[in-house]
$ cat structure-v5.cif   # mmCIF, C-alpha atoms and all ligand atoms
data_my_file
#
loop_
_atom_site.label_atom_id
_atom_site.label_comp_id
_atom_site.auth_asym_id
_atom_site.auth_seq_id
_atom_site.Cartn_x
_atom_site.Cartn_y
_atom_site.Cartn_z
CA MET Z 1 124.00 136.08 89.56
CA HIS Z 2 120.94 136.01 87.34
CA ASN Z 3 117.77 134.21 88.27
CA SER Z 4 119.33 132.25 91.08
CA LYS Z 5 116.01 131.93 92.91
CA GLY Z 6 115.50 128.29 92.05
CA LEU Z 7 112.52 127.15 90.03
CA SER Z 8 109.74 129.36 91.39
CA TYR Z 9 109.39 131.11 88.00
CA LEU Z 10 107.63 127.91 86.86
CA ASP Z 11 104.58 128.87 88.94
CA ASP Z 12 104.03 131.86 86.64
CA GLU Z 13 104.94 130.25 83.36
CA LYS Z 14 102.67 127.23 83.87
CA PRO Z 15 104.47 124.72 81.66
CA ARG Z 16 102.66 121.59 80.51
CA ILE Z 17 105.77 119.46 80.15
CA ILE Z 18 109.01 119.84 82.06
CA ILE Z 19 111.88 117.74 80.82
CA PHE Z 20 114.73 117.13 83.25
CA CYS Z 21 117.93 116.10 81.52
CA GLY Z 22 121.61 115.71 82.23
CA LYS Z 23 124.09 112.94 82.80
CA GLY Z 24 123.64 110.09 85.26
CA GLY Z 25 123.86 110.89 88.97
CA VAL Z 26 123.51 114.69 88.71
CA GLY Z 27 120.14 114.72 90.48
CA LYS Z 28 117.58 114.61 87.65
CA THR Z 29 115.22 112.25 89.44
CA THR Z 30 115.56 114.12 92.73
CA CYS Z 31 114.77 117.52 91.17
CA ALA Z 32 112.05 116.15 88.89
CA THR Z 33 110.32 114.50 91.82
CA ALA Z 34 110.52 117.58 94.03
CA THR Z 35 109.11 119.68 91.15
CA ALA Z 36 106.24 117.25 90.59
CA PHE Z 37 105.52 117.30 94.31
CA HIS Z 38 105.43 121.10 94.22
CA PHE Z 39 102.85 121.24 91.41
CA ALA Z 40 100.68 118.58 93.04
CA LYS Z 41 100.80 120.53 96.30
CA ASN Z 42 99.56 123.60 94.39
CA GLY Z 43 96.54 121.64 93.19
CA LEU Z 44 97.67 120.77 89.65
CA LYS Z 45 96.99 117.27 88.38
CA THR Z 46 100.54 116.06 87.99
CA LEU Z 47 102.20 113.02 86.48
CA ILE Z 48 105.85 112.25 86.88
CA ILE Z 49 107.14 109.84 84.30
CA SER Z 50 110.58 108.27 84.13
CA THR Z 51 112.00 106.92 80.88
CA ASP Z 52 115.38 106.13 82.39
CA PRO Z 53 116.11 102.42 81.86
CA THR Z 54 117.54 102.36 85.39
CA PRO Z 55 114.84 104.42 87.09
CA SER Z 56 114.66 105.32 90.76
CA LEU Z 57 111.20 106.85 91.22
CA SER Z 58 110.13 103.76 93.12
CA ASP Z 59 113.03 104.26 95.55
CA ILE Z 60 112.30 107.92 96.18
CA PHE Z 61 108.56 107.42 96.69
CA GLU Z 62 109.17 104.13 98.46
CA VAL Z 63 106.38 102.51 96.41
CA ASN Z 64 106.56 100.42 93.24
CA VAL Z 65 105.49 102.48 90.18
CA LYS Z 66 107.02 100.30 87.49
CA GLY Z 67 104.96 99.96 84.32
CA LYS Z 68 101.77 101.38 85.81
CA ILE Z 69 100.49 104.89 86.51
CA THR Z 70 100.27 104.85 90.29
CA GLN Z 71 98.73 107.30 92.74
CA ILE Z 72 101.30 108.38 95.32
CA ILE Z 73 99.92 107.76 98.79
CA ASP Z 74 99.46 110.88 100.91
CA ILE Z 75 100.08 113.25 97.98
CA GLU Z 76 96.82 114.20 96.36
CA ASN Z 77 97.09 115.00 92.61
CA LEU Z 78 100.40 113.20 92.17
CA LYS Z 79 100.79 110.10 90.04
CA ALA Z 80 103.97 108.43 88.90
CA ILE Z 81 105.13 105.83 86.41
CA GLU Z 82 108.43 104.27 85.44
CA LEU Z 83 108.16 103.09 81.86
CA ASP Z 84 108.55 99.39 81.49
CA TYR Z 85 110.27 98.92 78.14
CA ASN Z 86 108.91 95.44 77.50
CA LEU Z 87 105.43 96.81 77.91
CA ILE Z 88 106.16 99.80 75.71
CA ILE Z 89 107.44 97.54 72.94
CA GLU Z 90 104.34 95.34 73.12
CA ARG Z 91 102.15 98.41 72.97
CA TRP Z 92 104.04 99.77 69.97
CA LYS Z 93 103.71 96.46 68.15
CA GLU Z 94 99.95 96.51 68.67
CA LYS Z 95 99.67 100.09 67.51
CA PHE Z 96 102.12 100.28 64.60
CA GLY Z 97 103.32 96.74 63.90
CA ASN Z 98 100.83 95.91 61.17
CA GLU Z 99 101.25 99.29 59.53
CA VAL Z 100 105.01 98.89 59.41
CA TYR Z 101 104.54 95.48 57.90
CA SER Z 102 102.08 96.67 55.29
CA VAL Z 103 104.41 99.46 54.15
CA ILE Z 104 107.60 97.43 53.98
CA SER Z 105 105.91 94.44 52.41
CA SER Z 106 104.70 96.66 49.58
CA PHE Z 107 108.36 97.16 48.63
CA LEU Z 108 109.93 93.87 49.67
CA PRO Z 109 108.95 90.22 49.96
CA ILE Z 110 109.08 89.83 53.76
CA ASP Z 111 107.11 88.06 56.47
CA LYS Z 112 105.76 89.39 59.73
CA GLU Z 113 108.96 88.67 61.68
CA ILE Z 114 110.07 92.09 60.46
CA ILE Z 115 107.85 93.63 63.16
CA ASP Z 116 109.83 91.95 65.99
CA TYR Z 117 113.04 92.79 64.25
CA ILE Z 118 112.23 96.49 64.12
CA ALA Z 119 110.75 96.52 67.62
CA ASN Z 120 114.07 95.27 69.00
CA ALA Z 121 116.36 97.59 67.06
CA PRO Z 122 118.62 99.76 69.24
CA GLY Z 123 117.15 103.16 70.09
CA ILE Z 124 113.64 102.18 69.12
CA ASP Z 125 112.49 101.81 72.73
CA GLU Z 126 113.31 105.48 73.27
CA GLU Z 127 111.29 106.45 70.26
CA PHE Z 128 108.35 104.46 71.61
CA SER Z 129 108.57 106.29 74.90
CA LEU Z 130 108.25 109.61 73.07
CA SER Z 131 105.00 108.48 71.51
CA TYR Z 132 103.83 107.35 74.95
CA VAL Z 133 104.44 110.84 76.36
CA LEU Z 134 102.72 112.34 73.30
CA ASP Z 135 99.59 110.29 74.00
CA LEU Z 136 99.38 111.51 77.58
CA TYR Z 137 100.06 115.08 76.50
CA GLU Z 138 97.37 115.11 73.82
CA LYS Z 139 94.76 113.46 76.03
CA GLU Z 140 95.24 116.32 78.50
CA SER Z 141 94.54 114.07 81.46
CA TYR Z 142 97.19 115.97 83.45
CA ASP Z 143 97.79 119.67 83.98
CA VAL Z 144 101.50 119.05 83.97
CA ILE Z 145 103.81 116.18 83.04
CA VAL Z 146 107.23 116.10 84.65
CA TRP Z 147 109.54 113.97 82.59
CA ASP Z 148 112.60 112.44 84.19
CA THR Z 149 114.68 111.41 81.16
CA ALA Z 150 117.41 108.89 80.51
CA PRO Z 151 120.97 110.23 80.99
CA ALA Z 152 122.01 112.79 78.35
CA GLY Z 153 122.82 110.62 75.35
CA GLY Z 154 119.55 108.71 75.38
CA THR Z 155 117.09 111.54 75.11
CA LEU Z 156 119.04 113.34 72.44
CA SER Z 157 119.48 110.28 70.31
CA LEU Z 158 115.75 109.74 70.47
CA ILE Z 159 115.03 113.22 69.25
CA LYS Z 160 117.63 112.82 66.50
CA LEU Z 161 116.06 109.57 65.50
CA GLN Z 162 112.73 111.29 65.09
CA ASP Z 163 114.32 113.89 62.88
CA LYS Z 164 116.02 111.32 60.66
CA PHE Z 165 112.88 109.26 60.51
CA TYR Z 166 110.93 112.26 59.32
CA LYS Z 167 113.41 113.01 56.53
CA HIS Z 168 113.61 109.39 55.43
CA LEU Z 169 109.87 109.17 55.19
CA ARG Z 170 109.80 111.77 52.47
CA ASP Z 171 112.36 109.81 50.46
CA ALA Z 172 110.39 106.63 50.96
CA ALA Z 173 107.24 108.30 49.75
CA ARG Z 174 109.01 109.62 46.66
CA LEU Z 175 110.39 106.20 45.86
CA TYR Z 176 106.97 104.73 46.29
CA MET Z 177 105.46 107.22 43.87
CA ARG Z 178 107.87 105.99 41.25
CA VAL Z 179 107.03 102.31 41.61
CA ARG Z 180 103.41 102.77 42.60
CA HIS Z 181 101.95 101.96 39.22
CA ALA Z 182 103.84 98.67 38.89
CA LEU Z 183 102.90 97.67 42.46
CA ASP Z 184 99.24 98.43 41.86
CA ILE Z 185 99.17 96.15 38.85
CA LEU Z 186 100.92 93.35 40.77
CA SER Z 187 98.71 93.49 43.84
CA LYS Z 188 95.52 94.40 41.97
CA GLY Z 189 94.78 97.12 44.50
CA LYS Z 190 94.48 94.79 47.50
CA ARG Z 191 97.25 96.38 49.56
CA GLU Z 192 96.86 98.92 52.30
CA ASP Z 193 97.99 102.21 50.77
CA PRO Z 194 101.59 102.76 52.02
CA LEU Z 195 101.43 106.43 51.15
CA ARG Z 196 98.52 106.90 53.48
CA VAL Z 197 100.34 105.03 56.25
CA ILE Z 198 103.55 107.00 55.71
CA LYS Z 199 101.52 110.17 55.88
CA THR Z 200 100.09 109.25 59.29
CA TRP Z 201 103.61 108.51 60.56
CA GLU Z 202 104.81 111.80 59.24
CA GLU Z 203 101.99 113.52 61.08
CA LEU Z 204 102.83 111.61 64.24
CA THR Z 205 106.45 112.76 64.06
CA GLN Z 206 105.28 116.29 63.44
CA ARG Z 207 103.07 116.08 66.51
CA VAL Z 208 106.04 114.93 68.60
CA PHE Z 209 108.05 117.89 67.29
CA ASN Z 210 105.23 120.28 68.02
CA MET Z 211 104.99 118.95 71.55
CA LEU Z 212 108.73 119.36 72.13
CA LYS Z 213 108.94 122.81 70.57
CA ASN Z 214 105.83 124.17 72.22
CA GLU Z 215 106.49 127.18 74.46
CA LYS Z 216 104.76 125.32 77.30
CA THR Z 217 107.44 122.64 77.10
CA HIS Z 218 110.44 123.46 79.25
CA ALA Z 219 113.76 121.66 79.39
CA ILE Z 220 115.80 121.96 82.56
CA ILE Z 221 119.41 120.89 82.37
CA VAL Z 222 120.69 119.49 85.65
CA THR Z 223 124.43 119.66 86.11
CA ILE Z 224 127.30 119.77 88.61
CA PRO Z 225 129.73 122.63 89.32
CA GLU Z 226 132.75 120.88 87.81
CA ALA Z 227 134.57 121.04 84.47
CA LEU Z 228 132.69 117.98 83.27
CA GLY Z 229 129.40 119.65 84.10
CA VAL Z 230 130.31 122.80 82.16
CA TYR Z 231 131.30 120.74 79.16
CA GLN Z 232 128.19 118.56 79.18
CA THR Z 233 125.91 121.54 79.63
CA LYS Z 234 127.39 123.18 76.57
CA ARG Z 235 126.85 120.07 74.48
CA LEU Z 236 123.28 119.58 75.68
CA ILE Z 237 122.34 123.21 75.07
CA GLY Z 238 123.72 123.05 71.54
CA GLU Z 239 121.67 120.00 70.72
CA PHE Z 240 118.45 121.22 72.30
CA LYS Z 241 118.74 124.55 70.54
CA ALA Z 242 119.18 122.78 67.23
CA PHE Z 243 115.72 121.30 67.75
CA GLY Z 244 114.17 124.52 68.96
CA ILE Z 245 113.42 123.13 72.41
CA HIS Z 246 113.09 125.84 75.04
CA ILE Z 247 115.69 125.50 77.81
CA SER Z 248 114.26 127.27 80.81
CA ARG Z 249 117.01 126.82 83.45
CA ILE Z 250 120.35 125.32 84.22
CA LEU Z 251 120.09 123.72 87.61
CA ILE Z 252 123.44 123.34 89.36
CA ASN Z 253 123.23 120.63 92.00
CA TYR Z 254 125.45 119.60 94.93
CA VAL Z 255 126.52 123.17 95.58
CA ILE Z 256 128.54 123.53 98.78
CA THR Z 257 127.22 126.60 100.48
CA GLU Z 258 129.04 128.75 103.01
CA ASP Z 259 127.07 127.45 105.96
CA ILE Z 260 128.38 123.92 105.37
CA CYS Z 261 132.00 125.03 104.85
CA ASN Z 262 133.36 124.28 108.28
CA CYS Z 263 136.53 122.46 107.30
CA LYS Z 264 139.44 122.80 104.89
CA PHE Z 265 138.11 120.04 102.66
CA HIS Z 266 134.77 121.73 102.07
CA MET Z 267 136.38 125.17 101.69
CA GLU Z 268 138.53 123.81 98.90
CA ARG Z 269 135.58 122.17 97.19
CA ALA Z 270 133.52 125.33 97.51
CA ASN Z 271 136.33 127.32 95.91
CA MET Z 272 136.57 124.91 93.03
CA GLN Z 273 132.80 125.00 92.52
CA ARG Z 274 132.65 128.78 92.64
CA ASN Z 275 134.92 128.93 89.63
CA TYR Z 276 132.64 126.69 87.54
CA ILE Z 277 129.47 128.39 88.73
CA ARG Z 278 131.00 131.68 87.58
CA ILE Z 279 131.79 130.19 84.16
CA LEU Z 280 128.24 128.84 83.81
CA ASP Z 281 126.85 132.20 84.92
CA GLU Z 282 128.94 134.11 82.39
CA GLN Z 283 127.89 131.81 79.60
CA TYR Z 284 124.22 131.23 80.39
CA GLY Z 285 123.19 133.40 83.32
CA LYS Z 286 121.64 136.10 81.15
CA ASP Z 287 120.04 134.08 78.36
CA ILE Z 288 118.86 131.03 80.23
CA GLY Z 289 119.31 131.61 83.95
CA LEU Z 290 120.78 129.47 86.69
CA ALA Z 291 119.22 127.76 89.68
CA LEU Z 292 121.29 126.31 92.50
CA LEU Z 293 120.57 123.41 94.80
CA PRO Z 294 122.87 122.89 97.78
CA GLN Z 295 124.31 119.56 98.67
CA LEU Z 296 122.42 118.05 101.57
CA SER Z 297 123.93 115.92 104.30
CA ARG Z 298 121.83 112.90 103.37
CA GLU Z 299 120.52 111.12 100.31
CA ILE Z 300 117.03 112.17 99.18
CA LYS Z 301 114.63 109.37 99.89
CA GLY Z 302 111.05 109.45 101.11
CA ILE Z 303 108.48 112.23 101.26
CA GLU Z 304 110.10 114.23 104.06
CA ALA Z 305 113.39 114.52 102.15
CA LEU Z 306 111.44 115.54 99.03
CA LYS Z 307 109.67 118.29 100.93
CA LYS Z 308 113.04 119.64 101.94
CA VAL Z 309 114.27 119.75 98.32
CA GLU Z 310 111.01 121.33 97.20
CA SER Z 311 111.39 124.10 99.76
CA LEU Z 312 114.91 124.78 98.47
CA LEU Z 313 113.86 124.90 94.83
CA PHE Z 314 110.62 126.90 95.19
N1 LIG Z 401 121.39 118.09 96.56
C1 LIG Z 401 121.62 116.83 96.95
N2 LIG Z 401 122.14 116.59 98.18
C2 LIG Z 401 122.37 115.34 98.59
N3 LIG Z 401 122.12 114.24 97.86
C3 LIG Z 401 121.61 114.40 96.62
C4 LIG Z 401 121.32 115.70 96.11
N4 LIG Z 401 120.81 115.56 94.87
C5 LIG Z 401 120.79 114.23 94.62
N5 LIG Z 401 121.26 113.53 95.68
C6 LIG Z 401 121.43 112.06 95.77
O1 LIG Z 401 122.30 111.68 94.72
C7 LIG Z 401 121.91 110.46 94.14
C8 LIG Z 401 121.68 110.65 92.65
O2 LIG Z 401 120.56 111.50 92.44
P1 LIG Z 401 119.47 111.19 91.31
O3 LIG Z 401 118.42 112.22 91.45
O4 LIG Z 401 119.04 109.77 91.38
O5 LIG Z 401 120.34 111.44 90.00
P2 LIG Z 401 119.98 111.09 88.46
O6 LIG Z 401 118.51 110.88 88.38
O7 LIG Z 401 120.44 112.29 87.70
O8 LIG Z 401 120.77 109.88 88.10
C9 LIG Z 401 120.68 110.01 94.90
O9 LIG Z 401 121.05 109.10 95.89
C10 LIG Z 401 120.16 111.29 95.52
O10 LIG Z 401 119.48 111.04 96.74
MG MG Z 402 117.46 109.17 87.70
#

$ encode --input "structure-v5.cif" --output "structure tokens" --more "lines below"
Ligand SMILES: Nc1ncnc2c1ncn2[C@@H]1O[C@H](COP(=O)(O)OP(=O)(O)O)[C@@H](O)[C@H]1O
Ligand SMILES: [Mg+2]
Amino acid sequence: MHNSKGLSYLDDEKPRIIIFCGKGGVGKTTCATATAFHFAKNGLKTLIISTDPTPSLSDIFEVNVKGKITQIIDIENLKAIELDYNLIIERWKEKFGNEVYSVISSFLPIDKEIIDYIANAPGIDEEFSLSYVLDLYEKESYDVIVWDTAPAGGTLSLIKLQDKFYKHLRDAARLYMRVRHALDILSKGKREDPLRVIKTWEELTQRVFNMLKNEKTHAIIVTIPEALGVYQTKRLIGEFKAFGIHISRILINYVITEDICNCKFHMERANMQRNYIRILDEQYGKDIGLALLPQLSREIKGIEALKKVESLLF
């Protein structure tokens, strides 16, 4: 099997962002947290951020990190935050609300309620969280950001949204060029220039793309050794590749290893898993590489359990 030595290659490649993705319950938060712990232990200033609407960082660290970047007690260099969506929406409104209003109101007779309307549209919260990560990334306050994402669908839809947004902006700008003269006469030049605003949005979207496509940004797909896991991995890889995001490993979790196969039940499960691990290896072992994490006898909660996972991954 190729590259089955866990995630230790990350120490050499020194990524700046590591995105953990996969469906719910596969172990994203567990692996993301253990990875963040590993970097912090090696002296890198590390932030772990969760954009999952049902996050569990607070449970693992056994301290409340909701909505606020919080230093993890006893682990130097490690901070954590679970994004609070209400807060993110407020922040977005402050930052972009007036701009959105000024652009749309130059086309249509609307009042400021449009800002709340847009801020509450489905999928928008995810887009806001991307711009939150971008801010942290560009400020370079951390050596590495470990990003524990929302289950599969969420993160991809947010990237898609960005892409659509970017394309629509060009159309909007073209339309504006056509009516610009008439609008200028009507408003006698008092409006904020929508073209300028659209341009800054376009740049923002481009910056998000650059961040995601950067070679120092790694995506790790966490999955399970079952048919469903093989299927979901394929779908995720296809979509990430379409955006040029670098997938650095497929991490297969809950693997039943020989030393825990002491009964018929576990032997059967191990056999079943072996089949799917082989399929994943044939398909991705060479190009991407696999990492395996065995199933442990207990849930992973608290620093001691995290240390155990870290030692298995690195
Ligand atoms: N290798 C493992 N062995 C035992 N329990 C695990 C393992 N990986 C994850 N778990 C447990 O499974 C549950 C789901 O893991 P979690 O990391 O929260 O998944 P996700 O973030 O993908 O939804 C948690 O209770 C966690 O402690
Ligand atoms: Mg999680």

$ residues_near_ligand --input "structure-v5.cif" --ligand "ligand LIG 401 (chain Z)" --cutoff "8 Å" --atoms "all atoms listed in the file" --output "PyMOL selection string"
chain Z and resi 21-32+55-56+60+148+151+222+253-255+293-301+309

$ residues_near_point --input "structure-v5.cif" --point "(105.0, 112.6, 80.4)" --cutoff "9 Å" --atoms "only C-alpha atoms" --output "MDAnalysis selection string"
chainID Z and resid 17:19 47:50 130 132:137 144:148

$ closest_residue --input "structure-v5.cif" --among "Z:Glu203, Z:Asp52, Z:Glu140, Z:Asp111" --to "Leu83 (chain Z)" --atoms "all atoms listed in the file"
Z:Asp52

$ closest_residue --input "structure-v5.cif" --among "Z:Thr54, Z:Gln71, Z:Asn42, Z:Thr217" --to "ligand MG 402 (chain Z)" --atoms "all atoms listed in the file"
Z:Thr54

$ closest_residue --input "structure-v5.cif" --among "Z:Leu44, Z:Ile69, Z:Ile81, Z:Ala270" --to "Glu226 (chain Z)" --atoms "only C-alpha atoms"
Z:Ala270

$ residues_around --input "structure-v5.cif" --residues "Asn77 (chain Z)" --least-positions-apart "3" --cutoff "10 Å" --atoms "only C-alpha atoms" --output "ChimeraX atom specification"
/Z:36-37,39-47,71-74,142-143

$ atom_distance --input "structure-v5.cif" --atom1 "CA of Phe265 (chain Z)" --atom2 "CA of Pro225 (chain Z)"
16.0 Å

$ closest_residue --input "structure-v5.cif" --among "Z:Ser311, Z:Asn262, Z:Thr33, Z:Gln273" --to "ligand MG 402 (chain Z)" --atoms "only C-alpha atoms and all ligand atoms"
Z:Thr33

$ closest_residue --input "structure-v5.cif" --among "Z:Ser8, Z:Leu251, Z:Ile260, Z:Gln206" --to "Gly285 (chain Z)" --atoms "all atoms listed in the file"
Z:Leu251

$ closest_residue --input "structure-v5.cif" --among "Z:Asp11, Z:Asp193, Z:Glu82, Z:Glu268" --to "ligand MG 402 (chain Z)" --atoms "only C-alpha atoms and all ligand atoms"
Z:Glu82

$ atom_distance --input "structure-v5.cif" --atom1 "CA of Ile245 (chain Z)" --atom2 "CA of Ala119 (chain Z)"
27.2 Å

$ atom_distance --input "structure-v5.cif" --atom1 "CA of Gly229 (chain Z)" --atom2 "CA of Ile279 (chain Z)"
10.8 Å
